[in-house]
>>> print(open('coords-v6.cif').read())   # mmCIF, C-alpha atoms (C1' of nucleotides)
data_upload
#
loop_
_atom_site.group_PDB
_atom_site.id
_atom_site.type_symbol
_atom_site.label_atom_id
_atom_site.label_comp_id
_atom_site.auth_asym_id
_atom_site.auth_seq_id
_atom_site.Cartn_x
_atom_site.Cartn_y
_atom_site.Cartn_z
ATOM 1 C CA MET L 1 116.673 92.091 137.573
ATOM 2 C CA PRO L 2 113.272 90.465 137.560
ATOM 3 C CA GLU L 3 113.269 86.987 136.031
ATOM 4 C CA LEU L 4 110.327 84.597 136.012
ATOM 5 C CA PRO L 5 110.121 83.980 139.790
ATOM 6 C CA GLU L 6 110.238 87.713 140.506
ATOM 7 C CA VAL L 7 107.637 88.518 137.841
ATOM 8 C CA GLU L 8 105.401 85.775 139.225
ATOM 9 C CA THR L 9 105.749 87.273 142.718
ATOM 10 C CA VAL L 10 104.848 90.705 141.349
ATOM 11 C CA ARG L 11 101.826 89.182 139.593
ATOM 12 C CA GLN L 12 100.536 87.598 142.765
ATOM 13 C CA GLY L 13 100.996 90.813 144.741
ATOM 14 C CA LEU L 14 99.359 93.007 142.115
ATOM 15 C CA ARG L 15 96.356 90.700 141.799
ATOM 16 C CA ALA L 16 95.480 91.398 145.418
ATOM 17 C CA LEU L 17 95.950 95.139 144.909
ATOM 18 C CA ILE L 18 94.351 96.135 141.612
ATOM 19 C CA LEU L 19 91.760 93.555 140.565
ATOM 20 C CA ASN L 20 88.353 95.176 140.006
ATOM 21 C CA LYS L 21 89.814 98.671 140.070
ATOM 22 C CA THR L 22 88.726 101.011 137.296
ATOM 23 C CA ILE L 23 91.058 103.441 135.536
ATOM 24 C CA ALA L 24 90.000 107.087 135.797
ATOM 25 C CA ASN L 25 92.935 108.488 133.854
ATOM 26 C CA ILE L 26 96.553 107.827 132.953
ATOM 27 C CA ASP L 27 99.677 109.977 133.107
ATOM 28 C CA ILE L 28 102.595 109.109 130.860
ATOM 29 C CA LEU L 29 105.800 110.822 131.968
ATOM 30 C CA TRP L 30 108.240 108.895 129.724
ATOM 31 C CA PRO L 31 106.512 108.109 126.420
ATOM 32 C CA LYS L 32 109.073 105.582 125.177
ATOM 33 C CA ILE L 33 107.849 103.108 127.801
ATOM 34 C CA ILE L 34 104.569 102.893 125.863
ATOM 35 C CA VAL L 35 104.859 100.991 122.595
ATOM 36 C CA ASN L 36 101.463 102.212 121.361
ATOM 37 C CA ASP L 37 100.516 105.729 120.409
ATOM 38 C CA GLN L 38 100.214 107.621 123.709
ATOM 39 C CA LEU L 39 96.811 109.133 123.046
ATOM 40 C CA PHE L 40 95.388 105.781 121.918
ATOM 41 C CA PHE L 41 96.822 104.133 125.039
ATOM 42 C CA LYS L 42 95.246 106.683 127.377
ATOM 43 C CA GLN L 43 91.896 106.927 125.628
ATOM 44 C CA THR L 44 91.437 103.182 125.224
ATOM 45 C CA LEU L 45 92.317 102.340 128.825
ATOM 46 C CA THR L 46 90.319 105.101 130.474
ATOM 47 C CA GLY L 47 87.191 103.612 132.060
ATOM 48 C CA GLN L 48 88.474 100.033 131.819
ATOM 49 C CA THR L 49 88.731 97.679 134.796
ATOM 50 C CA PHE L 50 91.542 95.264 135.707
ATOM 51 C CA GLU L 51 89.919 91.827 135.707
ATOM 52 C CA GLU L 52 92.876 89.424 135.944
ATOM 53 C CA ILE L 53 96.654 89.315 135.728
ATOM 54 C CA ASP L 54 98.346 86.468 133.876
ATOM 55 C CA ARG L 55 102.024 85.878 133.201
ATOM 56 C CA ARG L 56 103.946 84.361 130.307
ATOM 57 C CA GLY L 57 107.700 84.027 130.812
ATOM 58 C CA LYS L 58 108.782 87.388 132.166
ATOM 59 C CA TYR L 59 105.781 89.202 130.674
ATOM 60 C CA LEU L 60 102.857 90.393 132.777
ATOM 61 C CA LEU L 61 99.500 90.242 130.984
ATOM 62 C CA PHE L 62 96.980 92.577 132.586
ATOM 63 C CA ARG L 63 93.507 91.500 131.459
ATOM 64 C CA LEU L 64 91.102 94.397 131.281
ATOM 65 C CA SER L 65 87.434 94.812 130.494
ATOM 66 C CA ASN L 66 86.477 95.208 126.833
ATOM 67 C CA GLN L 67 88.816 92.346 125.760
ATOM 68 C CA LEU L 68 91.948 94.389 126.255
ATOM 69 C CA THR L 69 95.323 93.098 127.438
ATOM 70 C CA LEU L 70 98.144 95.287 128.675
ATOM 71 C CA VAL L 71 101.435 93.502 128.048
ATOM 72 C CA SER L 72 104.133 94.698 130.460
ATOM 73 C CA HIS L 73 107.808 93.748 130.600
ATOM 74 C CA LEU L 74 109.870 95.016 133.553
ATOM 75 C CA ARG L 75 113.218 94.380 131.807
ATOM 76 C CA MET L 76 115.994 95.323 134.229
ATOM 77 C CA GLU L 77 114.480 97.413 136.969
ATOM 78 C CA GLY L 78 110.782 98.003 136.343
ATOM 79 C CA LYS L 79 108.539 98.058 139.424
ATOM 80 C CA TYR L 80 104.884 98.676 140.215
ATOM 81 C CA ARG L 81 103.731 100.534 143.315
ATOM 82 C CA MET L 82 100.229 101.084 144.679
ATOM 83 C CA VAL L 83 99.901 104.473 146.339
ATOM 84 C CA PRO L 84 97.281 107.077 147.241
ATOM 85 C CA GLN L 85 97.024 109.522 144.328
ATOM 86 C CA GLU L 86 98.087 112.449 146.503
ATOM 87 C CA GLN L 87 101.380 110.817 147.466
ATOM 88 C CA PRO L 88 104.274 112.916 146.094
ATOM 89 C CA LEU L 89 105.916 111.526 142.971
ATOM 90 C CA THR L 90 109.254 109.858 143.440
ATOM 91 C CA LYS L 91 112.096 109.934 140.937
ATOM 92 C CA HIS L 92 111.864 107.386 138.113
ATOM 93 C CA THR L 93 108.052 107.328 138.016
ATOM 94 C CA HIS L 94 107.125 106.996 134.341
ATOM 95 C CA VAL L 95 103.519 105.794 134.014
ATOM 96 C CA ILE L 96 100.616 106.365 136.420
ATOM 97 C CA PHE L 97 97.251 104.611 136.365
ATOM 98 C CA ASN L 98 94.876 106.676 138.512
ATOM 99 C CA PHE L 99 91.893 104.659 139.733
ATOM 100 C CA THR L 100 88.379 105.873 140.405
ATOM 101 C CA ASP L 101 88.744 105.064 144.125
ATOM 102 C CA GLY L 102 91.552 107.571 144.728
ATOM 103 C CA THR L 103 94.405 105.059 144.594
ATOM 104 C CA ALA L 104 96.991 104.797 141.839
ATOM 105 C CA LEU L 105 99.264 102.196 140.309
ATOM 106 C CA ARG L 106 102.630 103.703 139.432
ATOM 107 C CA TYR L 107 105.287 102.226 137.174
ATOM 108 C CA LEU L 108 108.863 103.039 138.216
ATOM 109 C CA ASP L 109 111.964 102.174 136.251
ATOM 110 C CA VAL L 110 115.444 103.602 136.853
ATOM 111 C CA ARG L 111 116.834 102.372 133.515
ATOM 112 C CA LYS L 112 113.657 103.106 131.524
ATOM 113 C CA PHE L 113 114.136 99.775 129.720
ATOM 114 C CA GLY L 114 110.671 98.443 130.533
ATOM 115 C CA ARG L 115 107.888 98.426 127.950
ATOM 116 C CA MET L 116 104.065 98.373 127.944
ATOM 117 C CA GLN L 117 101.885 97.519 124.990
ATOM 118 C CA LEU L 118 98.109 97.463 124.757
ATOM 119 C CA ILE L 119 96.696 94.741 122.507
ATOM 120 C CA PRO L 120 93.377 92.973 121.979
ATOM 121 C CA THR L 121 93.163 89.922 124.237
ATOM 122 C CA GLY L 122 94.067 86.916 122.127
ATOM 123 C CA ALA L 123 96.546 88.821 119.978
ATOM 124 C CA GLU L 124 99.478 87.845 122.215
ATOM 125 C CA ASN L 125 101.125 85.918 119.412
ATOM 126 C CA THR L 126 101.428 89.094 117.358
ATOM 127 C CA VAL L 127 103.660 90.776 119.933
ATOM 128 C CA SER L 128 107.350 90.395 119.172
ATOM 129 C CA GLY L 129 109.008 88.678 122.099
ATOM 130 C CA LEU L 130 105.814 86.993 123.236
ATOM 131 C CA LYS L 131 105.247 85.127 120.004
ATOM 132 C CA GLN L 132 108.693 83.465 119.994
ATOM 133 C CA LEU L 133 108.531 82.515 123.666
ATOM 134 C CA GLY L 134 109.417 78.930 124.548
ATOM 135 C CA PRO L 135 107.388 76.816 126.998
ATOM 136 C CA GLU L 136 106.915 77.772 130.630
ATOM 137 C CA PRO L 137 109.568 76.021 132.755
ATOM 138 C CA THR L 138 107.092 73.755 134.505
ATOM 139 C CA ALA L 139 106.753 69.984 134.401
ATOM 140 C CA ALA L 140 103.413 70.357 132.618
ATOM 141 C CA ASP L 141 104.668 72.542 129.762
ATOM 142 C CA PHE L 142 108.387 71.875 129.473
ATOM 143 C CA LYS L 143 109.097 68.434 128.005
ATOM 144 C CA VAL L 144 112.566 66.969 127.895
ATOM 145 C CA ALA L 145 112.220 65.532 124.375
ATOM 146 C CA ALA L 146 111.234 68.890 122.895
ATOM 147 C CA PHE L 147 113.989 70.571 124.915
ATOM 148 C CA ALA L 148 116.592 68.165 123.516
ATOM 149 C CA ALA L 149 115.325 68.736 119.981
ATOM 150 C CA ALA L 150 115.435 72.513 120.393
ATOM 151 C CA LEU L 151 119.000 72.407 121.727
ATOM 152 C CA GLN L 152 120.075 70.473 118.629
ATOM 153 C CA ARG L 153 119.285 73.522 116.493
ATOM 154 C CA HIS L 154 121.890 75.693 118.213
ATOM 155 C CA ARG L 155 125.639 75.448 117.780
ATOM 156 C CA LYS L 156 126.401 78.379 120.055
ATOM 157 C CA ALA L 157 127.051 78.255 123.791
ATOM 158 C CA ILE L 158 124.291 76.940 126.052
ATOM 159 C CA LYS L 159 124.181 80.090 128.177
ATOM 160 C CA PRO L 160 123.082 82.566 125.485
ATOM 161 C CA VAL L 161 120.659 79.939 124.145
ATOM 162 C CA LEU L 162 118.901 79.762 127.516
ATOM 163 C CA LEU L 163 118.843 83.566 127.753
ATOM 164 C CA GLU L 164 117.094 83.878 124.373
ATOM 165 C CA GLN L 165 113.731 82.742 125.802
ATOM 166 C CA HIS L 166 112.960 80.687 122.661
ATOM 167 C CA VAL L 167 113.915 77.257 123.995
ATOM 168 C CA VAL L 168 112.423 77.812 127.433
ATOM 169 C CA ALA L 169 110.863 80.987 128.839
ATOM 170 C CA GLY L 170 111.649 82.973 131.944
ATOM 171 C CA LEU L 171 115.307 82.433 132.827
ATOM 172 C CA GLY L 172 117.623 85.437 133.052
ATOM 173 C CA ASN L 173 121.270 85.861 133.849
ATOM 174 C CA ILE L 174 121.056 84.813 137.498
ATOM 175 C CA TYR L 175 119.053 81.618 137.122
ATOM 176 C CA VAL L 176 120.934 80.501 134.025
ATOM 177 C CA ASP L 177 124.199 80.582 135.961
ATOM 178 C CA GLU L 178 122.522 78.708 138.806
ATOM 179 C CA VAL L 179 120.981 75.904 136.751
ATOM 180 C CA LEU L 180 124.198 75.390 134.768
ATOM 181 C CA TRP L 181 126.118 75.022 138.033
ATOM 182 C CA GLN L 182 123.498 72.621 139.383
ATOM 183 C CA SER L 183 123.630 70.455 136.291
ATOM 184 C CA GLN L 184 127.436 70.752 136.057
ATOM 185 C CA ILE L 185 127.502 72.200 132.556
ATOM 186 C CA HIS L 186 130.033 74.775 131.362
ATOM 187 C CA PRO L 187 128.323 77.997 130.180
ATOM 188 C CA LEU L 188 130.296 77.845 126.914
ATOM 189 C CA GLN L 189 129.283 74.259 126.146
ATOM 190 C CA PRO L 190 127.744 74.281 122.651
ATOM 191 C CA ALA L 191 124.002 73.656 123.028
ATOM 192 C CA ASN L 192 123.984 70.868 120.451
ATOM 193 C CA GLN L 193 126.839 69.062 122.185
ATOM 194 C CA LEU L 194 125.168 68.327 125.503
ATOM 195 C CA THR L 195 124.876 64.653 126.367
ATOM 196 C CA ASP L 196 121.475 63.113 127.093
ATOM 197 C CA THR L 197 122.498 62.948 130.741
ATOM 198 C CA GLN L 198 123.355 66.642 130.784
ATOM 199 C CA ILE L 199 120.099 67.580 129.031
ATOM 200 C CA LYS L 200 118.059 65.614 131.556
ATOM 201 C CA ALA L 201 119.938 67.181 134.467
ATOM 202 C CA LEU L 202 119.536 70.680 133.060
ATOM 203 C CA HIS L 203 115.851 70.154 132.305
ATOM 204 C CA GLN L 204 115.212 68.924 135.815
ATOM 205 C CA ALA L 205 117.266 71.739 137.376
ATOM 206 C CA ILE L 206 115.350 74.431 135.459
ATOM 207 C CA ILE L 207 111.951 73.151 136.584
ATOM 208 C CA ALA L 208 113.054 72.671 140.199
ATOM 209 C CA GLU L 209 114.881 75.995 140.441
ATOM 210 C CA MET L 210 111.962 78.047 139.151
ATOM 211 C CA LYS L 211 109.658 76.318 141.620
ATOM 212 C CA ARG L 212 111.997 76.909 144.557
ATOM 213 C CA ALA L 213 112.622 80.542 143.633
ATOM 214 C CA ILE L 214 108.902 81.287 143.302
ATOM 215 C CA ALA L 215 108.334 79.694 146.712
ATOM 216 C CA ALA L 216 111.000 82.040 148.128
ATOM 217 C CA LYS L 217 109.296 85.031 146.431
ATOM 218 C CA GLY L 218 112.194 85.622 144.088
ATOM 219 C CA THR L 219 115.741 86.907 144.293
ATOM 220 C CA THR L 220 116.657 90.468 145.263
ATOM 221 C CA ILE L 221 120.111 91.280 143.912
ATOM 222 C CA ARG L 222 120.151 94.855 142.792
ATOM 223 C CA SER L 223 116.816 96.508 143.140
ATOM 224 C CA TYR L 224 114.015 94.038 142.668
ATOM 225 C CA THR L 225 111.064 94.305 145.050
ATOM 226 C CA ASP L 226 107.537 92.978 144.743
ATOM 227 C CA ALA L 227 104.318 94.979 144.451
ATOM 228 C CA TYR L 228 104.481 95.802 148.160
ATOM 229 C CA GLY L 229 108.122 96.915 148.020
ATOM 230 C CA ALA L 230 109.292 93.733 149.740
ATOM 231 C CA SER L 231 112.519 91.962 148.857
ATOM 232 C CA GLY L 232 112.717 88.334 147.821
ATOM 233 C CA GLY L 233 114.523 85.690 149.827
ATOM 234 C CA PHE L 234 116.177 83.519 147.212
ATOM 235 C CA GLN L 235 119.492 85.405 146.964
ATOM 236 C CA LEU L 236 120.553 83.398 150.020
ATOM 237 C CA ALA L 237 120.088 80.200 148.028
ATOM 238 C CA LEU L 238 122.269 81.232 145.076
ATOM 239 C CA ALA L 239 125.297 78.976 144.644
ATOM 240 C CA VAL L 240 127.341 80.883 142.052
ATOM 241 C CA TYR L 241 125.734 84.181 141.008
ATOM 242 C CA GLY L 242 127.561 87.010 142.764
ATOM 243 C CA ARG L 243 129.820 84.523 144.546
ATOM 244 C CA GLU L 244 133.018 84.904 142.520
ATOM 245 C CA GLY L 245 136.033 84.303 144.763
ATOM 246 C CA GLU L 246 134.039 82.107 147.149
ATOM 247 C CA PRO L 247 134.514 78.327 147.375
ATOM 248 C CA CYS L 248 132.209 76.129 145.298
ATOM 249 C CA GLN L 249 129.627 74.545 147.607
ATOM 250 C CA ARG L 250 130.202 71.204 145.899
ATOM 251 C CA CYS L 251 133.988 70.941 145.537
ATOM 252 C CA GLY L 252 135.586 73.945 147.221
ATOM 253 C CA THR L 253 137.200 75.308 144.047
ATOM 254 C CA THR L 254 137.084 79.104 143.762
ATOM 255 C CA ILE L 255 134.076 80.327 141.738
ATOM 256 C CA LEU L 256 135.134 82.348 138.686
ATOM 257 C CA LYS L 257 133.453 85.271 136.961
ATOM 258 C CA THR L 258 133.932 85.698 133.216
ATOM 259 C CA LYS L 259 132.005 87.077 130.267
ATOM 260 C CA VAL L 260 129.907 84.919 127.991
ATOM 261 C CA GLY L 261 128.031 86.689 125.207
ATOM 262 C CA GLN L 262 128.692 90.084 126.861
ATOM 263 C CA ARG L 263 127.164 88.941 130.148
ATOM 264 C CA GLY L 264 128.700 88.430 133.542
ATOM 265 C CA THR L 265 128.932 84.672 134.054
ATOM 266 C CA HIS L 266 129.692 82.772 137.254
ATOM 267 C CA PHE L 267 130.762 79.142 137.308
ATOM 268 C CA CYS L 268 132.927 76.532 138.988
ATOM 269 C CA PRO L 269 135.923 75.663 136.768
ATOM 270 C CA HIS L 270 136.215 72.249 138.409
ATOM 271 C CA CYS L 271 132.571 71.086 138.425
ATOM 272 C CA GLN L 272 131.584 72.624 135.090
ATOM 273 C CA LEU L 273 133.923 71.352 132.379
ATOM 274 C CA LEU L 274 133.728 71.896 128.655
ATOM 275 C CA THR L 275 133.166 68.440 127.222
ATOM 276 C CA THR L 276 132.973 66.534 123.976
ATOM 277 C CA LYS L 277 130.342 63.817 124.134
ATOM 278 C CA GLY L 278 130.523 64.022 127.902
ATOM 279 C CA VAL L 279 134.298 63.617 128.122
ATOM 280 C CA ALA L 280 136.353 66.384 129.680
ATOM 281 C CA LYS L 281 138.667 68.152 127.242
ATOM 282 C "C1'" DC A 282 117.236 80.702 110.141
ATOM 283 C "C1'" DA A 283 121.412 81.263 113.093
ATOM 284 C "C1'" DC A 284 124.213 84.422 115.098
ATOM 285 C "C1'" DA A 285 126.963 88.689 116.387
ATOM 286 C "C1'" DC A 286 126.627 93.188 117.647
ATOM 287 C "C1'" DC A 287 124.602 97.741 119.001
ATOM 288 C "C1'" DG A 288 121.443 100.992 121.340
ATOM 289 C "C1'" DC A 289 118.653 101.961 124.972
ATOM 290 C "C1'" DC A 290 119.321 104.060 130.185
ATOM 291 C "C1'" DT A 291 121.181 105.717 134.880
ATOM 292 C "C1'" DG A 292 123.470 104.784 139.207
ATOM 293 C "C1'" DA A 293 127.354 102.626 141.323
ATOM 294 C "C1'" DC A 294 131.888 101.928 141.133
ATOM 295 C "C1'" DT A 295 137.006 102.558 139.658
ATOM 296 C "C1'" DG A 296 141.136 105.023 138.761
ATOM 297 C "C1'" DC A 297 143.703 109.140 138.503
ATOM 298 C "C1'" DT F 298 137.250 115.509 146.454
ATOM 299 C "C1'" DG F 299 136.045 115.665 141.633
ATOM 300 C "C1'" DC F 300 135.386 113.776 137.406
ATOM 301 C "C1'" DA F 301 135.750 110.918 133.279
ATOM 302 C "C1'" DG F 302 135.351 106.298 132.128
ATOM 303 C "C1'" DT F 303 133.395 101.702 132.783
ATOM 304 C "C1'" DC F 304 130.054 98.391 134.045
ATOM 305 C "C1'" DA F 305 125.444 96.270 134.768
ATOM 306 C "C1'" DG F 306 122.019 93.766 131.358
ATOM 307 C "C1'" DG F 307 116.890 92.121 128.613
ATOM 308 C "C1'" DC F 308 115.512 92.612 124.420
ATOM 309 C "C1'" DG F 309 114.464 94.785 119.747
ATOM 310 C "C1'" DG F 310 116.586 95.954 115.681
ATOM 311 C "C1'" DT F 311 120.024 95.508 112.125
ATOM 312 C "C1'" DG F 312 123.396 93.315 109.337
ATOM 313 C "C1'" DT F 313 125.831 89.189 107.647
#
>>> encode(input="coords-v6.cif", output="structure tokens")
Amino acid sequence: MPELPEVETVRQGLRALILNKTIANIDILWPKIIVNDQLFFKQTLTGQTFEEIDRRGKYLLFRLSNQLTLVSHLRMEGKYRMVPQEQPLTKHTHVIFNFTDGTALRYLDVRKFGRMQLIPTGAENTVSGLKQLGPEPTAADFKVAAFAAALQRHRKAIKPVLLEQHVVAGLGNIYVDEVLWQSQIHPLQPANQLTDTQIKALHQAIIAEMKRAIAAKGTTIRSYTDAYGASGGFQLALAVYGREGEPCQRCGTTILKTKVGQRGTHFCPHCQLLTTKGVAK
DNA sequence: CACACCGCCTGACTGC
DNA sequence: TGCAGTCAGGCGGTGT
């Protein structure tokens, strides 16, 4: 499941592969992937050139000529592949950008959850999802005071709050479990009941974890690969995700897997206690 | 606005 | 071995 570090790795790979390529035509094999009208999407993009690729949270922003931006979200299992146009289609290929040089960019997605939307560049804040996105989880954009204030507005558990993307952008199920373990916070801890110490630890862990995971080119758990089909390396660095039944690396207690807000959740029941004003219940 | 819940999808896995 | 049932989960939409 691509989260911010995986999407960033895809961005970097795709930049090297498609910048300055011009679209000759587009095939849409699964129309629901495209938010816009299909015909509009094809006609508007034909003849345009990829000029840059930006990223916001888990969204890829393909900047094209003529002030156009293609917003792309990979959701669970979306992938891009560069191939020669004559290469036989594989299963789960849903959108194909054929370039004028004989190559093609193909979008593959087993679950078909991914979405693409063509908008005028600058209209990003009109796209649902993008417009409510919290700050990037970097030291430059993500400030602890604003983070603390945002957490105060939520009474529900910290885990679903972090998954919402509104308080901070880019974390998914894997990295949320990881940063909560690192900062020793129970996933069910109400967001507005974190202590200042916990907020600072969580804030720091989020920034550091995203940086480390990007450096490792992301985490490959189920099916994620980058634009070249390569796996990430960060799964080896995960402390709790997918490690239920294994000893906690900090205290040796067996890591548990439960459900929080319908999502598989991994944590250490000894290191991550539910607290009231920082005191264990 | 905050929050809970459902639908979207298909492949892998589980139990009989 | 075959097959029905369950699970995985990011996010938009809906309802309270």
>>> residues_around(input="coords-v6.cif", residues="DC308 (chain F)", least_positions_apart="6", cutoff="12 Å", atoms="only C-alpha atoms (C1' of nucleotides)", output="number ranges by chain")
L: 58, 73-76, 113-115, 128-130, 163-165, 172; A: 287-289
>>> write_last_selection(input="coords-v6.cif", atoms="C-alpha atoms (C1' of nucleotides)", output="tab-separated table (two decimals), in the coordinates of the input")
chain	number	residue	atom	x	y	z
L	58	LYS	CA	108.78	87.39	132.17
L	73	HIS	CA	107.81	93.75	130.60
L	74	LEU	CA	109.87	95.02	133.55
L	75	ARG	CA	113.22	94.38	131.81
L	76	MET	CA	115.99	95.32	134.23
L	113	PHE	CA	114.14	99.78	129.72
L	114	GLY	CA	110.67	98.44	130.53
L	115	ARG	CA	107.89	98.43	127.95
L	128	SER	CA	107.35	90.40	119.17
L	129	GLY	CA	109.01	88.68	122.10
L	130	LEU	CA	105.81	86.99	123.24
L	163	LEU	CA	118.84	83.57	127.75
L	164	GLU	CA	117.09	83.88	124.37
L	165	GLN	CA	113.73	82.74	125.80
L	172	GLY	CA	117.62	85.44	133.05
A	287	DC	C1'	124.60	97.74	119.00
A	288	DG	C1'	121.44	100.99	121.34
A	289	DC	C1'	118.65	101.96	124.97
>>> resolve_selection(input="coords-v6.cif", expression="the PyMOL selection byres ((chain A) within 10 of (chain L))", output="PyMOL selection string")
chain A and resi 282-286+289-292
>>> write_last_selection(input="coords-v6.cif", atoms="C-alpha atoms (C1' of nucleotides)", output="PDB file, keeping the file's coordinate frame")
ATOM      1  C1'  DC A 282     117.236  80.702 110.141  1.00  0.00           C
ATOM      2  C1'  DA A 283     121.412  81.263 113.093  1.00  0.00           C
ATOM      3  C1'  DC A 284     124.213  84.422 115.098  1.00  0.00           C
ATOM      4  C1'  DA A 285     126.963  88.689 116.387  1.00  0.00           C
ATOM      5  C1'  DC A 286     126.627  93.188 117.647  1.00  0.00           C
ATOM      6  C1'  DC A 289     118.653 101.961 124.972  1.00  0.00           C
ATOM      7  C1'  DC A 290     119.321 104.060 130.185  1.00  0.00           C
ATOM      8  C1'  DT A 291     121.181 105.717 134.880  1.00  0.00           C
ATOM      9  C1'  DG A 292     123.470 104.784 139.207  1.00  0.00           C
TER      10       DG A 292
END
>>> resolve_selection(input="coords-v6.cif", expression="the PyMOL selection byres ((chain F) within 10 of (chain L))", output="list in words")
DA305, DG306, DG307, DC308 and DG309 of chain F
>>> write_last_selection(input="coords-v6.cif", atoms="C-alpha atoms (C1' of nucleotides)", output="short mmCIF file (atom, residue, chain, number, x, y, z; two decimals), in the frame of the given file")
data_model
loop_
_atom_site.label_atom_id
_atom_site.label_comp_id
_atom_site.auth_asym_id
_atom_site.auth_seq_id
_atom_site.Cartn_x
_atom_site.Cartn_y
_atom_site.Cartn_z
"C1'" DA F 305 125.44 96.27 134.77
"C1'" DG F 306 122.02 93.77 131.36
"C1'" DG F 307 116.89 92.12 128.61
"C1'" DC F 308 115.51 92.61 124.42
"C1'" DG F 309 114.46 94.78 119.75
#
>>> atom_distance(input="coords-v6.cif", atom1="CA of Pro31 (chain L)", atom2="CA of Phe50 (chain L)")
21.8 Å
>>> resolve_selection(input="coords-v6.cif", expression="the PyMOL selection byres ((chain L and resi 143-146) around 12)", output="PyMOL selection string")
chain L and resi 134-142+147-153+166-168+196-207
>>> write_last_selection(input="coords-v6.cif", atoms="C-alpha atoms", output="compact mmCIF listing (two decimals), keeping the file's coordinate frame")
# COMPACT_ATOMS: atom_id res chain seq x y z
CA GLY L 134 109.42 78.93 124.55
CA PRO L 135 107.39 76.82 127.00
CA GLU L 136 106.92 77.77 130.63
CA PRO L 137 109.57 76.02 132.76
CA THR L 138 107.09 73.76 134.50
CA ALA L 139 106.75 69.98 134.40
CA ALA L 140 103.41 70.36 132.62
CA ASP L 141 104.67 72.54 129.76
CA PHE L 142 108.39 71.88 129.47
CA PHE L 147 113.99 70.57 124.92
CA ALA L 148 116.59 68.17 123.52
CA ALA L 149 115.32 68.74 119.98
CA ALA L 150 115.44 72.51 120.39
CA LEU L 151 119.00 72.41 121.73
CA GLN L 152 120.08 70.47 118.63
CA ARG L 153 119.28 73.52 116.49
CA HIS L 166 112.96 80.69 122.66
CA VAL L 167 113.92 77.26 124.00
CA VAL L 168 112.42 77.81 127.43
CA ASP L 196 121.48 63.11 127.09
CA THR L 197 122.50 62.95 130.74
CA GLN L 198 123.36 66.64 130.78
CA ILE L 199 120.10 67.58 129.03
CA LYS L 200 118.06 65.61 131.56
CA ALA L 201 119.94 67.18 134.47
CA LEU L 202 119.54 70.68 133.06
CA HIS L 203 115.85 70.15 132.30
CA GLN L 204 115.21 68.92 135.82
CA ALA L 205 117.27 71.74 137.38
CA ILE L 206 115.35 74.43 135.46
CA ILE L 207 111.95 73.15 136.58
>>> atom_distance(input="coords-v6.cif", atom1="CA of Arg243 (chain L)", atom2="CA of Ala216 (chain L)")
19.3 Å
>>> atom_distance(input="coords-v6.cif", atom1="CA of Thr253 (chain L)", atom2="CA of Cys268 (chain L)")
6.7 Å
